[in-house]
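Shown next: data39.cif, given as mmCIF, C-alpha atoms.
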```cif
data_final
loop_
_atom_site.group_PDB
_atom_site.id
_atom_site.type_symbol
_atom_site.label_atom_id
_atom_site.label_comp_id
_atom_site.auth_asym_id
_atom_site.auth_seq_id
_atom_site.Cartn_x
_atom_site.Cartn_y
_atom_site.Cartn_z
ATOM 1 C CA MET F 1 81.765 156.125 246.000
ATOM 2 C CA SER F 2 82.927 157.437 242.628
ATOM 3 C CA GLU F 3 82.349 161.061 241.659
ATOM 4 C CA ILE F 4 79.766 160.110 239.024
ATOM 5 C CA ASP F 5 77.729 158.248 241.664
ATOM 6 C CA ARG F 6 76.836 161.577 243.256
ATOM 7 C CA ILE F 7 74.498 162.395 240.354
ATOM 8 C CA LYS F 8 71.424 160.474 241.406
ATOM 9 C CA ILE F 9 68.616 159.507 239.034
ATOM 10 C CA GLU F 10 65.497 160.210 241.025
ATOM 11 C CA ASN F 11 62.865 157.944 239.454
ATOM 12 C CA GLU F 12 62.138 155.387 236.727
ATOM 13 C CA GLU F 13 60.727 157.961 234.292
ATOM 14 C CA ASP F 14 63.877 160.066 234.501
ATOM 15 C CA LEU F 15 65.963 156.930 233.911
ATOM 16 C CA ARG F 16 63.823 156.039 230.879
ATOM 17 C CA ILE F 17 64.374 159.456 229.282
ATOM 18 C CA LEU F 18 68.115 159.463 230.012
ATOM 19 C CA THR F 19 68.417 155.982 228.520
ATOM 20 C CA GLU F 20 66.573 157.177 225.415
ATOM 21 C CA ILE F 21 68.946 160.123 225.071
ATOM 22 C CA GLU F 22 71.924 157.782 225.263
ATOM 23 C CA GLU F 23 70.478 155.271 222.803
ATOM 24 C CA LYS F 24 68.933 157.669 220.280
ATOM 25 C CA VAL F 25 71.407 160.547 220.385
ATOM 26 C CA MET F 26 74.700 159.804 222.122
ATOM 27 C CA ASN F 27 75.165 156.390 220.487
ATOM 28 C CA HIS F 28 74.446 157.673 216.974
ATOM 29 C CA ILE F 29 75.692 161.250 216.818
ATOM 30 C CA ASN F 30 78.370 162.043 214.260
ATOM 31 C CA LEU F 31 80.784 164.307 216.107
ATOM 32 C CA GLY F 32 83.027 164.805 213.105
ATOM 33 C CA PHE F 33 86.038 162.808 214.231
ATOM 34 C CA ASP F 34 87.204 159.203 214.324
ATOM 35 C CA SER F 35 87.068 157.881 217.903
ATOM 36 C CA GLN F 36 90.572 156.466 217.435
ATOM 37 C CA VAL F 37 91.835 160.049 217.383
ATOM 38 C CA LEU F 38 91.330 160.305 221.143
ATOM 39 C CA GLU F 39 92.802 156.832 221.689
ATOM 40 C CA THR F 40 95.941 157.861 219.792
ATOM 41 C CA LEU F 41 96.300 161.013 221.888
ATOM 42 C CA ASP F 42 96.047 158.831 225.018
ATOM 43 C CA ARG F 43 99.278 157.040 224.171
ATOM 44 C CA GLU F 44 102.325 158.237 226.067
ATOM 45 C CA ASP F 45 104.606 157.226 223.166
ATOM 46 C CA VAL F 46 102.610 158.988 220.430
ATOM 47 C CA THR F 47 104.919 160.684 217.924
ATOM 48 C CA ARG F 48 104.625 164.070 216.264
ATOM 49 C CA LYS F 49 104.178 162.303 212.914
ATOM 50 C CA GLU F 50 101.262 160.257 214.254
ATOM 51 C CA ILE F 51 99.652 163.377 215.694
ATOM 52 C CA GLU F 52 100.011 165.182 212.368
ATOM 53 C CA ALA F 53 98.251 162.287 210.609
ATOM 54 C CA LEU F 54 95.216 162.715 212.882
ATOM 55 C CA GLN F 55 94.251 165.946 211.121
ATOM 56 C CA GLY F 56 92.697 163.990 208.268
ATOM 57 C CA ARG F 57 90.465 162.092 210.711
ATOM 58 C CA ILE F 58 88.844 165.199 212.182
ATOM 59 C CA SER F 59 86.329 167.425 210.399
ATOM 60 C CA ASN F 60 87.726 170.560 208.771
ATOM 61 C CA GLU F 61 85.493 172.722 210.952
ATOM 62 C CA VAL F 62 86.902 171.322 214.198
ATOM 63 C CA VAL F 63 90.468 171.502 212.876
ATOM 64 C CA THR F 64 89.969 175.145 211.897
ATOM 65 C CA ARG F 65 88.679 176.018 215.368
ATOM 66 C CA LEU F 66 91.549 174.150 217.026
ATOM 67 C CA PHE F 67 93.991 176.252 215.027
ATOM 68 C CA SER F 68 92.059 179.378 215.996
ATOM 69 C CA VAL F 69 92.215 178.495 219.694
ATOM 70 C CA GLY F 70 95.890 177.539 219.607
ATOM 71 C CA ASN F 71 96.912 180.645 217.674
ATOM 72 C CA SER F 72 94.820 183.113 219.666
ATOM 73 C CA ILE F 73 96.160 185.809 221.978
ATOM 74 C CA TYR F 74 94.598 183.820 224.811
ATOM 75 C CA TYR F 75 97.291 181.180 224.339
ATOM 76 C CA GLY F 76 100.158 183.617 224.122
ATOM 77 C CA ARG F 77 100.671 183.732 220.359
ATOM 78 C CA LEU F 78 100.387 187.493 219.895
ATOM 79 C CA ARG F 79 104.069 188.025 219.073
ATOM 80 C CA ALA F 80 105.297 184.475 218.559
ATOM 81 C CA GLY F 81 103.886 183.893 215.094
ATOM 82 C CA LYS F 82 101.184 181.434 214.107
ATOM 83 C CA PHE F 83 101.464 177.671 214.209
ATOM 84 C CA SER F 84 100.947 176.102 210.805
ATOM 85 C CA ASP F 85 101.232 172.385 211.636
ATOM 86 C CA PHE F 86 98.457 170.416 213.312
ATOM 87 C CA SER F 87 100.917 168.604 215.584
ATOM 88 C CA GLU F 88 102.241 171.951 216.852
ATOM 89 C CA ILE F 89 98.736 173.015 217.829
ATOM 90 C CA ILE F 90 98.068 169.746 219.681
ATOM 91 C CA LEU F 91 101.397 169.854 221.497
ATOM 92 C CA ARG F 92 100.861 173.541 222.344
ATOM 93 C CA LEU F 93 97.499 172.769 223.924
ATOM 94 C CA GLY F 94 98.694 169.445 225.366
ATOM 95 C CA THR F 95 97.471 166.025 224.274
ATOM 96 C CA GLU F 96 95.099 165.566 227.230
ATOM 97 C CA PRO F 97 93.531 169.059 226.955
ATOM 98 C CA SER F 98 93.330 168.569 223.178
ATOM 99 C CA LYS F 99 91.032 165.585 223.714
ATOM 100 C CA ILE F 100 88.669 167.810 225.690
ATOM 101 C CA TYR F 101 88.861 170.568 223.077
ATOM 102 C CA ILE F 102 88.194 168.183 220.193
ATOM 103 C CA LEU F 103 85.160 166.639 221.887
ATOM 104 C CA SER F 104 83.804 169.979 223.136
ATOM 105 C CA LEU F 105 84.228 171.790 219.809
ATOM 106 C CA SER F 106 82.662 168.852 217.960
ATOM 107 C CA ALA F 107 79.671 168.781 220.306
ATOM 108 C CA PHE F 108 78.968 172.507 220.618
ATOM 109 C CA PHE F 109 79.196 173.108 216.874
ATOM 110 C CA VAL F 110 77.321 169.981 215.785
ATOM 111 C CA GLN F 111 74.491 172.351 214.804
ATOM 112 C CA GLY F 112 75.135 175.831 213.434
ATOM 113 C CA ASP F 113 72.034 177.669 214.638
ATOM 114 C CA LYS F 114 71.842 180.341 217.326
ATOM 115 C CA GLU F 115 70.722 178.027 220.120
ATOM 116 C CA PHE F 116 73.822 175.858 219.828
ATOM 117 C CA ARG F 117 76.118 178.818 219.198
ATOM 118 C CA SER F 118 74.792 180.453 222.364
ATOM 119 C CA LEU F 119 75.539 177.271 224.298
ATOM 120 C CA ALA F 120 79.059 177.223 222.841
ATOM 121 C CA ALA F 121 79.589 180.887 223.723
ATOM 122 C CA ARG F 122 78.562 180.318 227.329
ATOM 123 C CA ALA F 123 80.928 177.338 227.576
ATOM 124 C CA PHE F 124 83.882 179.372 226.311
ATOM 125 C CA MET F 125 83.037 182.294 228.588
ATOM 126 C CA ILE F 126 82.771 180.067 231.657
ATOM 127 C CA SER F 127 86.138 178.589 230.697
ATOM 128 C CA MET F 128 87.819 181.976 230.257
ATOM 129 C CA LEU F 129 86.250 183.665 233.251
ATOM 130 C CA GLY F 130 87.035 180.646 235.418
ATOM 131 C CA LYS F 131 90.672 180.784 234.344
ATOM 132 C CA MET F 132 90.850 184.503 235.163
ATOM 133 C CA LEU F 133 89.311 183.929 238.606
ATOM 134 C CA ALA F 134 91.654 181.013 239.316
ATOM 135 C CA LYS F 135 94.681 183.136 238.439
ATOM 136 C CA GLN F 136 93.455 186.007 240.614
ATOM 137 C CA MET F 137 93.058 183.548 243.495
ATOM 138 C CA GLY F 138 96.638 182.327 243.026
ATOM 139 C CA MET F 139 95.696 178.737 242.200
ATOM 140 C CA LYS F 140 98.444 176.461 240.934
ATOM 141 C CA GLU F 141 98.902 176.403 237.164
ATOM 142 C CA GLU F 142 97.740 172.783 237.003
ATOM 143 C CA ASP F 143 94.533 173.583 238.886
ATOM 144 C CA THR F 144 93.953 176.721 236.823
ATOM 145 C CA LYS F 145 94.088 174.565 233.685
ATOM 146 C CA LYS F 146 91.551 172.185 235.201
ATOM 147 C CA VAL F 147 89.208 175.105 235.908
ATOM 148 C CA GLU F 148 89.579 176.274 232.311
ATOM 149 C CA LEU F 149 88.867 172.851 230.800
ATOM 150 C CA GLY F 150 86.158 171.999 233.315
ATOM 151 C CA GLY F 151 84.355 175.224 232.485
ATOM 152 C CA LEU F 152 84.522 174.461 228.777
ATOM 153 C CA PHE F 153 83.166 170.934 229.229
ATOM 154 C CA LEU F 154 80.517 171.732 231.863
ATOM 155 C CA LYS F 155 77.573 172.138 229.453
ATOM 156 C CA VAL F 156 78.431 169.405 226.928
ATOM 157 C CA GLY F 157 75.590 167.238 228.273
ATOM 158 C CA LYS F 158 73.102 169.926 227.248
ATOM 159 C CA VAL F 159 74.027 169.399 223.602
ATOM 160 C CA TYR F 160 72.600 165.884 223.679
ATOM 161 C CA MET F 161 69.491 167.075 225.493
ATOM 162 C CA ARG F 162 68.875 169.753 222.850
ATOM 163 C CA LEU F 163 69.313 167.220 220.037
ATOM 164 C CA TYR F 164 66.928 164.829 221.778
ATOM 165 C CA GLU F 165 64.332 167.597 222.137
ATOM 166 C CA ARG F 166 64.497 168.215 218.402
ATOM 167 C CA GLN F 167 64.127 164.509 217.646
ATOM 168 C CA ARG F 168 61.000 164.127 219.748
ATOM 169 C CA GLY F 169 59.555 167.503 218.812
ATOM 170 C CA GLU F 170 58.961 168.881 222.290
ATOM 171 C CA PRO F 171 61.138 170.355 225.026
ATOM 172 C CA LEU F 172 62.251 168.585 228.150
ATOM 173 C CA GLU F 173 61.220 170.005 231.507
ATOM 174 C CA ARG F 174 63.712 172.684 232.531
ATOM 175 C CA THR F 175 64.067 171.068 235.960
ATOM 176 C CA PHE F 176 65.003 167.791 234.242
ATOM 177 C CA VAL F 177 67.682 169.529 232.148
ATOM 178 C CA THR F 178 69.118 171.252 235.218
ATOM 179 C CA LYS F 179 69.241 167.990 237.179
ATOM 180 C CA TYR F 180 70.797 165.746 234.566
ATOM 181 C CA TYR F 181 72.906 167.566 231.960
ATOM 182 C CA ARG F 182 75.938 166.951 234.176
ATOM 183 C CA TYR F 183 75.051 163.244 234.271
ATOM 184 C CA LEU F 184 75.209 163.052 230.470
ATOM 185 C CA GLY F 185 78.504 164.955 230.476
ATOM 186 C CA SER F 186 79.862 162.379 232.923
ATOM 187 C CA LYS F 187 78.815 159.622 230.542
ATOM 188 C CA MET F 188 80.922 161.263 227.826
ATOM 189 C CA VAL F 189 83.898 161.428 230.197
ATOM 190 C CA GLU F 190 83.614 157.694 230.756
ATOM 191 C CA ARG F 191 82.984 156.831 227.108
ATOM 192 C CA PHE F 192 85.967 158.750 225.750
ATOM 193 C CA LYS F 193 88.261 158.166 228.754
ATOM 194 C CA LEU F 194 88.659 161.863 229.460
ATOM 195 C CA PRO F 195 90.568 163.119 232.528
ATOM 196 C CA ALA F 196 88.991 162.142 235.849
ATOM 197 C CA PHE F 197 88.953 165.704 237.221
ATOM 198 C CA LEU F 198 86.029 166.414 234.866
ATOM 199 C CA LEU F 199 83.909 164.027 236.925
ATOM 200 C CA GLU F 200 84.571 166.139 239.999
ATOM 201 C CA VAL F 201 83.598 169.311 238.133
ATOM 202 C CA LEU F 202 80.406 167.637 236.911
ATOM 203 C CA SER F 203 79.542 165.840 240.139
ATOM 204 C CA SER F 204 77.458 168.576 241.751
ATOM 205 C CA PRO F 205 76.087 172.071 241.036
ATOM 206 C CA VAL F 206 76.935 173.158 244.578
ATOM 207 C CA CYS F 207 79.685 175.755 244.988
ATOM 208 C CA SER F 208 82.519 173.897 246.690
ATOM 209 C CA PHE F 209 85.294 175.051 249.051
ATOM 210 C CA THR F 210 88.549 173.744 250.473
ATOM 211 C CA GLU F 211 89.477 174.615 254.037
ATOM 212 C CA SER F 212 90.381 178.189 253.114
ATOM 213 C CA SER F 213 89.253 178.919 249.545
ATOM 214 C CA LEU F 214 87.179 177.805 246.577
ATOM 215 C CA ASN F 215 88.283 174.551 244.978
ATOM 216 C CA ILE F 216 88.323 173.750 241.246
ATOM 217 C CA ARG F 217 84.605 172.940 241.094
ATOM 218 C CA GLY F 218 83.787 176.002 243.172
ATOM 219 C CA VAL F 219 85.556 178.350 240.764
ATOM 220 C CA VAL F 220 83.833 176.731 237.764
ATOM 221 C CA GLN F 221 80.450 177.094 239.461
ATOM 222 C CA LEU F 222 81.132 180.755 240.273
ATOM 223 C CA ALA F 223 82.038 181.510 236.656
ATOM 224 C CA HIS F 224 79.017 179.488 235.522
ATOM 225 C CA ALA F 225 76.652 181.523 237.699
ATOM 226 C CA ILE F 226 78.034 184.854 236.475
ATOM 227 C CA VAL F 227 77.865 183.922 232.779
ATOM 228 C CA ASP F 228 74.413 182.331 232.928
ATOM 229 C CA LYS F 229 73.005 185.323 234.855
ATOM 230 C CA ASN F 230 74.246 187.663 232.118
ATOM 231 C CA PHE F 231 72.764 185.517 229.365
ATOM 232 C CA ALA F 232 69.459 185.250 231.219
ATOM 233 C CA ASN F 233 69.289 189.049 231.497
ATOM 234 C CA TYR F 234 70.755 190.152 228.164
ATOM 235 C CA GLY F 235 71.056 187.151 225.851
ATOM 236 C CA LYS F 236 74.823 187.692 225.802
ATOM 237 C CA PHE F 237 77.742 188.461 228.118
ATOM 238 C CA ILE F 238 78.221 192.155 228.887
ATOM 239 C CA ILE F 239 81.390 193.327 230.594
ATOM 240 C CA GLN F 240 83.088 196.645 231.299
ATOM 241 C CA SER F 241 86.819 196.652 230.672
ATOM 242 C CA PRO F 242 89.727 198.866 229.610
ATOM 243 C CA MET F 243 90.736 198.182 226.027
ATOM 244 C CA PRO F 244 93.961 198.612 224.035
ATOM 245 C CA ASP F 245 94.520 202.091 222.619
ATOM 246 C CA LYS F 246 95.934 203.333 219.316
ATOM 247 C CA GLU F 247 98.918 204.928 221.025
ATOM 248 C CA GLY F 248 100.096 201.598 222.435
ATOM 249 C CA LEU F 249 99.984 202.656 226.072
ATOM 250 C CA VAL F 250 97.784 199.622 226.809
ATOM 251 C CA THR F 251 98.215 196.710 224.407
ATOM 252 C CA SER F 252 96.262 193.941 226.110
ATOM 253 C CA THR F 253 93.559 193.673 228.762
ATOM 254 C CA LEU F 254 91.363 190.905 230.120
ATOM 255 C CA GLY F 255 88.509 192.298 228.037
ATOM 256 C CA SER F 256 90.521 192.310 224.822
ATOM 257 C CA ILE F 257 91.792 188.782 225.500
ATOM 258 C CA MET F 258 88.241 187.510 225.942
ATOM 259 C CA GLU F 259 87.163 189.343 222.790
ATOM 260 C CA SER F 260 90.034 187.857 220.798
ATOM 261 C CA GLN F 261 89.323 184.301 221.942
ATOM 262 C CA LEU F 262 85.608 184.499 221.161
ATOM 263 C CA ASP F 263 86.294 186.067 217.770
ATOM 264 C CA ALA F 264 88.754 183.250 217.058
ATOM 265 C CA VAL F 265 86.007 180.627 217.362
ATOM 266 C CA GLY F 266 83.333 182.726 215.667
ATOM 267 C CA LEU F 267 81.389 183.636 218.806
ATOM 268 C CA GLY F 268 82.262 187.321 219.176
ATOM 269 C CA SER F 269 78.648 188.442 218.699
ATOM 270 C CA PHE F 270 77.787 187.050 222.148
ATOM 271 C CA LEU F 271 80.130 189.460 223.917
ATOM 272 C CA GLU F 272 79.548 193.179 224.461
ATOM 273 C CA ILE F 273 82.306 195.294 225.984
ATOM 274 C CA ILE F 274 81.614 198.668 227.567
ATOM 275 C CA PRO F 275 85.012 200.406 227.314
ATOM 276 C CA SER F 276 86.528 202.005 230.383
ATOM 277 C CA LEU F 277 89.914 203.600 230.996
ATOM 278 C CA SER F 278 92.732 201.895 232.841
ATOM 279 C CA LEU F 279 94.601 203.874 235.481
ATOM 280 C CA ARG F 280 97.382 204.664 233.007
ATOM 281 C CA GLN F 281 94.859 205.754 230.405
ATOM 282 C CA GLN F 282 93.105 207.955 232.973
ATOM 283 C CA VAL F 283 96.397 209.639 233.892
ATOM 284 C CA ARG F 284 97.201 210.287 230.240
ATOM 285 C CA GLN F 285 93.687 211.614 229.609
ATOM 286 C CA ALA F 286 93.988 213.967 232.593
ATOM 287 C CA ARG F 287 97.332 215.277 231.313
ATOM 288 C CA MET F 288 95.914 215.830 227.839
ATOM 289 C CA ASN F 289 92.905 217.662 229.269
ATOM 290 C CA SER F 290 95.181 219.765 231.428
ATOM 291 C CA ALA F 291 97.413 220.672 228.479
ATOM 292 C CA THR F 292 94.499 221.802 226.350
ATOM 293 C CA SER F 293 92.521 223.636 229.039
ATOM 294 C CA PRO F 294 92.423 227.505 228.937
ATOM 295 C CA THR F 295 94.183 227.757 232.308
ATOM 296 C CA ALA F 296 97.138 225.820 230.929
ATOM 297 C CA THR F 297 97.987 228.752 228.695
#
```
Could you express the structure from this file as structure tokens?
Amino acid sequence: MSEIDRIKIENEEDLRILTEIEEKVMNHINLGFDSQVLETLDREDVTRKEIEALQGRISNEVVTRLFSVGNSIYYGRLRAGKFSDFSEIILRLGTEPSKIYILSLSAFFVQGDKEFRSLAARAFMISMLGKMLAKQMGMKEEDTKKVELGGLFLKVGKVYMRLYERQRGEPLERTFVTKYYRYLGSKMVERFKLPAFLLEVLSSPVCSFTESSLNIRGVVQLAHAIVDKNFANYGKFIIQSPMPDKEGLVTSTLGSIMESQLDAVGLGSFLEIIPSLSLRQQVRQARMNSATSPTAT
């Protein structure tokens, strides 16, 4: 049984609607890039020159966001200077991950209104939070990358459902959306020949374990639950985190990294950070308070 076979279509009416979504939306949507772009990136012998030429076959908006992602602090470019060539960005991200980024960015930003921007923000937050959790758990770098990309791609199927709702002028049942958005995401994996691990991430909403820990899908589902709970309660993601200070004692934190990445793709308004002090900042604050207290003199 393939991973996609696990997503069962329960009845003929559900199949009819899913087929309509494929035929009326997925088969006709303009994602802002030539499909041959992904085919070129699939080639093991693709050259830097060929990659550079792909920039003209992708919408300016997607290219701009790819540069923003590749040059963000999240990808280690704080002190290394910014990439200026498209091929450098693609090679920095990796050709296979770049395919997922191109398709995800194209889908999530196909409409510019708040509903789609909120969906994009949640996707990026699931991706980032999942990566942080995977690192904390000591997962291998390869698996951590799969968590990151799986989290980003998880909700792509909802884009097509939202577009279909607008075409027909009425919403789909929420239970239908919850059951089948992963199915539509799996269809995109097959259509664009994306990495097979995405099918595992999309195969089930159940939190999944190995013998002794969460697996890739389990970490994605954990991050998904945390992010969606925040959005359900507050309409955005609220975190408490130490932040960099003017004195340079703390220059980067998980909170500031998340803020930088979301700002880079124009989604910073969906994140609220309640500042707290790191241990080093607390020690410095205590020393300053002690030095200025009356008893110190």
Just want the 9 Å neighbourhood of F:Ile90, counted on only C-alpha atoms, with same-chain residues fewer than 5 positions away dropped. Output as a CSV table (one decimal) with C-alpha atoms, keeping the file's coordinate frame.
```csv
chain,number,residue,atom,x,y,z
F,51,ILE,CA,99.7,163.4,215.7
F,52,GLU,CA,100.0,165.2,212.4
F,66,LEU,CA,91.5,174.2,217.0
F,67,PHE,CA,94.0,176.3,215.0
F,70,GLY,CA,95.9,177.5,219.6
F,95,THR,CA,97.5,166.0,224.3
F,97,PRO,CA,93.5,169.1,227.0
F,98,SER,CA,93.3,168.6,223.2
```
Do you have, as a tab-separated table, the list of residues of stretch 118-232 of chain F lying at most 8 Å from stretch 103-107 of chain F, each with its nearest atom pair and that distance in Å to one decimal, counting only C-alpha atoms and ordered by chain then number?
```
residue	atom	partner	partner_atom	distance
F:Leu152	CA	F:Ser104	CA	7.2
F:Phe153	CA	F:Ser104	CA	6.2
F:Val156	CA	F:Ser104	CA	6.6
F:Val159	CA	F:Ala107	CA	6.6
```
Selection to disk with C-alpha atoms, as a PDB file, keeping the file's coordinate frame:
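As written to disk, out_26.pdb reads:
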```pdb
ATOM      1  CA  LEU F 152      84.522 174.461 228.777  1.00  0.00           C
ATOM      2  CA  PHE F 153      83.166 170.934 229.229  1.00  0.00           C
ATOM      3  CA  VAL F 156      78.431 169.405 226.928  1.00  0.00           C
ATOM      4  CA  VAL F 159      74.027 169.399 223.602  1.00  0.00           C
TER       5      VAL F 159
END
```
Next item on the list: Tell me which residues the PyMOL selection byres ((chain F and resi 154) around 9) grabs here, as a VMD selection string.
Entry: chain F and resid 123 126 to 127 149 to 153 155 to 158 181 to 182 185 198 201 to 202 220 224
Notebook entry, point to check: Suppose you want the space between atom CA of F:Arg122 and atom CA of F:Ala264; what is it in Å?
Noted result: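 Spanning atom CA of F:Arg122 to atom CA of F:Ala264 is a straight-line distance of 14.8 Å.
The residues caught by the PyMOL selection byres ((chain F and resi 161) around 10) in this file are Ile17, Leu18, Ile21, Glu22, Val25, Met26, Val156, Gly157, Lys158, Val159, Tyr160, Arg162, Leu163, Tyr164, Glu165, Arg166, Gln167, Pro171, Leu172, Phe176, Val177, Tyr180, Tyr181 and Leu184 of chain F.
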Margin query: When the PyMOL selection byres ((chain F and resi 225) around 12) is applied to the structure above, which residues does it catch, written out as a ChimeraX atom specification?
Written below: /F:122-123,125-126,129-130,151,205-207,218-224,226-232,237
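Distance check against F:Met258 using all atoms listed in the file: of F:Glu190, F:Glu20, F:Asp245, F:Glu272, the minimum falls on F:Glu272.
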Checklist line | All residues 12 Å or closer to F:Ile102, only C-alpha atoms, same chain fewer than 5 positions away omitted, as number ranges by chain | finding: F: 31-35, 37-38, 41, 54-55, 57-67, 69, 89-90, 93-97, 107-110, 149, 152-153, 156, 192, 194
Notebook entry, point to check: Interatomic distance between atom CA of F:Pro244 and atom CA of F:Ser256?
Noted result: 7.2 Å
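As for atom CA of F:Ser68 and atom CA of F:Val265, they are spaced 6.3 Å apart.
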